[in-house]
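> Below is the structure I would like to discuss, written out as structure tokens.
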Amino acid sequence: QVQLVESGGGSVQAGGSLRLSCAASGYTFDNICMGWFRQAPGKGREGVAAIYSGDGGRYYADAVKGRFTISQDDAKNTVYLQMNSLKPEDTAMYYCAAALGRGSWYWGQEMHSFDFEYWGQGTQVTVSS
């Protein structure tokens, strides 16, 4: 059973930066997809970024391209989301997710929550103007 624990959320002013971390445990396979989703109050869950450990393939939602960077540390089984130039519209609960296979995003389609089987509890990010 894959377990995911997020950390690094908080409150920041617009233009600031935060780095989210997701520590994964409970799996032994080498190739896994890790992703970050977010959900703002009253809105659906939105795919933000994803990475495939097999070849480092990445996905970014249009809303965060050029501002957010997803990366992984295999030695620590940890995935990071570096968020720069934060905007008030980035305010949301951010969730880490894991998948045993590559989802549709890997082949250029949109990232969907149904592509991921395991989820963390979430960490809140609040950006004030």
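Please note that chains go A, B, ... in the order of the structure tokens, that every chain numbers its residues from 1, and that ligands are numbered from 1 in the order shown.
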What residues in segment 12-93 of chain A get the DSSP label helix (DSSP H, G or I)? Please answer as a list of chain:residue names.
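In segment 12-93 of chain A, DSSP puts these residues in helix (DSSP H, G or I): A:Asp74, A:Ala75, A:Lys76, A:Pro88, A:Glu89, A:Asp90.
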> Take the residues from that selection and write them out as a PDB file, in the first residue's frame, keeping N, CA, C and O atoms.

ATOM      1  N   ASP A  74      14.874  10.377  -5.781  1.00  0.00           N
ATOM      2  CA  ASP A  74      14.666   8.938  -5.672  1.00  0.00           C
ATOM      3  C   ASP A  74      15.227   8.378  -4.366  1.00  0.00           C
ATOM      4  O   ASP A  74      14.652   7.457  -3.778  1.00  0.00           O
ATOM      5  N   ALA A  75      16.326   8.929  -3.918  1.00  0.00           N
ATOM      6  CA  ALA A  75      16.952   8.420  -2.694  1.00  0.00           C
ATOM      7  C   ALA A  75      16.047   8.626  -1.485  1.00  0.00           C
ATOM      8  O   ALA A  75      16.055   7.832  -0.546  1.00  0.00           O
ATOM      9  N   LYS A  76      15.263   9.691  -1.531  1.00  0.00           N
ATOM     10  CA  LYS A  76      14.376  10.010  -0.411  1.00  0.00           C
ATOM     11  C   LYS A  76      12.929   9.620  -0.681  1.00  0.00           C
ATOM     12  O   LYS A  76      12.062   9.845   0.169  1.00  0.00           O
ATOM     13  N   PRO A  88      -3.049  34.861  -6.141  1.00  0.00           N
ATOM     14  CA  PRO A  88      -4.198  34.531  -5.281  1.00  0.00           C
ATOM     15  C   PRO A  88      -5.007  33.358  -5.818  1.00  0.00           C
ATOM     16  O   PRO A  88      -5.545  32.562  -5.032  1.00  0.00           O
ATOM     17  N   GLU A  89      -5.078  33.226  -7.130  1.00  0.00           N
ATOM     18  CA  GLU A  89      -5.847  32.114  -7.719  1.00  0.00           C
ATOM     19  C   GLU A  89      -5.174  30.758  -7.535  1.00  0.00           C
ATOM     20  O   GLU A  89      -5.754  29.726  -7.869  1.00  0.00           O
ATOM     21  N   ASP A  90      -3.959  30.737  -7.007  1.00  0.00           N
ATOM     22  CA  ASP A  90      -3.306  29.469  -6.673  1.00  0.00           C
ATOM     23  C   ASP A  90      -3.749  28.942  -5.317  1.00  0.00           C
ATOM     24  O   ASP A  90      -3.385  27.824  -4.928  1.00  0.00           O
TER      25      ASP A  90
END
> Compile a residue-level contact table for segment 28-126 of chain A against segment 5-15 of chain A at a cut-off of 9 Å, reporting for every qualifying residue the shortest atom pair and its distance in Å to one decimal, with only C-alpha atoms counted, rows ordered by chain and ascending number, as CSV.

residue,atom,partner,partner_atom,distance
A:Asn84,CA,A:Gly15,CA,7.1
A:Ser85,CA,A:Gly15,CA,4.2
A:Leu86,CA,A:Gly15,CA,4.9
A:Lys87,CA,A:Ala14,CA,5.0
A:Pro88,CA,A:Ala14,CA,6.3
A:Met93,CA,A:Gly9,CA,8.7
A:Tyr94,CA,A:Gly9,CA,8.1
A:Tyr95,CA,A:Glu6,CA,7.4
A:Cys96,CA,A:Glu6,CA,6.6
A:Trp119,CA,A:Val5,CA,8.7
A:Gly120,CA,A:Val5,CA,5.6
A:Gln121,CA,A:Val5,CA,7.0
A:Gly122,CA,A:Glu6,CA,6.2
A:Thr123,CA,A:Gly9,CA,5.3
A:Gln124,CA,A:Gly9,CA,5.2
A:Val125,CA,A:Gly9,CA,5.0
A:Thr126,CA,A:Ser11,CA,4.6
> Name the residues in contact with Gly44 of chain A at a cut-off of 12 Å, using only C-alpha atoms, excluding same-chain residues fewer than 5 positions from it; report them as a PyMOL selection string.
chain A and resi 37-39+92-93+112-113
> Using only C-alpha atoms, can you tell me which of A:Gly42, A:Gly16, A:Gly26, A:Gly56 comes closest to Phe68 of chain A?
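Under the stated criterion, the closest residue is A:Gly16.
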> Counting only C-alpha atoms, what is within 10 Å of Ser25 of chain A, bar same-chain residues fewer than 4 positions away, as an NGL selection string?
:A and (1-5 or 76-78)
> Emit the selected residues as an mmCIF file, in the first residue's frame, including all heavy atoms.

data_model
loop_
_atom_site.group_PDB
_atom_site.id
_atom_site.type_symbol
_atom_site.label_atom_id
_atom_site.label_comp_id
_atom_site.auth_asym_id
_atom_site.auth_seq_id
_atom_site.Cartn_x
_atom_site.Cartn_y
_atom_site.Cartn_z
ATOM 1 N N GLN A 1 0.840 -1.190 0.000
ATOM 2 C CA GLN A 1 0.000 0.000 0.000
ATOM 3 C C GLN A 1 0.881 1.249 0.000
ATOM 4 O O GLN A 1 1.712 1.429 0.881
ATOM 5 C CB GLN A 1 -0.887 0.007 1.246
ATOM 6 C CG GLN A 1 -1.847 1.172 1.327
ATOM 7 C CD GLN A 1 -3.047 1.007 0.422
ATOM 8 O OE1 GLN A 1 -3.219 -0.059 -0.196
ATOM 9 N NE2 GLN A 1 -3.867 2.020 0.298
ATOM 10 N N VAL A 2 0.683 2.084 -0.996
ATOM 11 C CA VAL A 2 1.452 3.324 -1.088
ATOM 12 C C VAL A 2 0.882 4.344 -0.111
ATOM 13 O O VAL A 2 -0.327 4.543 -0.038
ATOM 14 C CB VAL A 2 1.398 3.879 -2.527
ATOM 15 C CG1 VAL A 2 2.145 5.198 -2.604
ATOM 16 C CG2 VAL A 2 1.998 2.872 -3.508
ATOM 17 N N GLN A 3 1.753 4.971 0.643
ATOM 18 C CA GLN A 3 1.344 6.034 1.562
ATOM 19 C C GLN A 3 2.057 7.319 1.179
ATOM 20 O O GLN A 3 3.250 7.308 0.871
ATOM 21 C CB GLN A 3 1.678 5.637 2.989
ATOM 22 C CG GLN A 3 0.899 4.422 3.474
ATOM 23 C CD GLN A 3 1.244 4.030 4.895
ATOM 24 O OE1 GLN A 3 2.372 4.201 5.351
ATOM 25 N NE2 GLN A 3 0.263 3.507 5.607
ATOM 26 N N LEU A 4 1.308 8.408 1.236
ATOM 27 C CA LEU A 4 1.819 9.711 0.822
ATOM 28 C C LEU A 4 1.589 10.731 1.923
ATOM 29 O O LEU A 4 0.470 10.821 2.457
ATOM 30 C CB LEU A 4 1.123 10.173 -0.457
ATOM 31 C CG LEU A 4 1.142 9.200 -1.640
ATOM 32 C CD1 LEU A 4 0.245 9.703 -2.757
ATOM 33 C CD2 LEU A 4 2.558 9.008 -2.143
ATOM 34 N N VAL A 5 2.612 11.487 2.238
ATOM 35 C CA VAL A 5 2.502 12.512 3.274
ATOM 36 C C VAL A 5 3.040 13.833 2.716
ATOM 37 O O VAL A 5 4.217 13.926 2.377
ATOM 38 C CB VAL A 5 3.285 12.124 4.543
ATOM 39 C CG1 VAL A 5 3.157 13.226 5.583
ATOM 40 C CG2 VAL A 5 2.764 10.800 5.102
ATOM 41 N N LYS A 76 15.263 9.691 -1.531
ATOM 42 C CA LYS A 76 14.376 10.010 -0.411
ATOM 43 C C LYS A 76 12.929 9.620 -0.681
ATOM 44 O O LYS A 76 12.062 9.845 0.169
ATOM 45 C CB LYS A 76 14.444 11.509 -0.106
ATOM 46 C CG LYS A 76 15.804 11.992 0.357
ATOM 47 C CD LYS A 76 15.769 13.481 0.661
ATOM 48 C CE LYS A 76 17.125 13.972 1.165
ATOM 49 N NZ LYS A 76 17.100 15.433 1.468
ATOM 50 N N ASN A 77 12.661 9.069 -1.873
ATOM 51 C CA ASN A 77 11.272 8.755 -2.246
ATOM 52 C C ASN A 77 10.365 9.959 -2.022
ATOM 53 O O ASN A 77 9.279 9.844 -1.453
ATOM 54 C CB ASN A 77 10.749 7.559 -1.445
ATOM 55 C CG ASN A 77 11.253 6.248 -1.994
ATOM 56 O OD1 ASN A 77 11.879 6.200 -3.049
ATOM 57 N ND2 ASN A 77 10.997 5.177 -1.284
ATOM 58 N N THR A 78 10.834 11.084 -2.458
ATOM 59 C CA THR A 78 10.107 12.333 -2.226
ATOM 60 C C THR A 78 9.957 13.099 -3.528
ATOM 61 O O THR A 78 10.893 13.151 -4.336
ATOM 62 C CB THR A 78 10.846 13.199 -1.187
ATOM 63 O OG1 THR A 78 10.919 12.474 0.046
ATOM 64 C CG2 THR A 78 10.112 14.505 -0.959
#
> Counting only C-alpha atoms, which of A:Lys43, A:Arg19, A:Arg67, A:Arg58 gets nearest to Arg102 of chain A?
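Closest to Arg102 of chain A of all the choices is A:Arg58.
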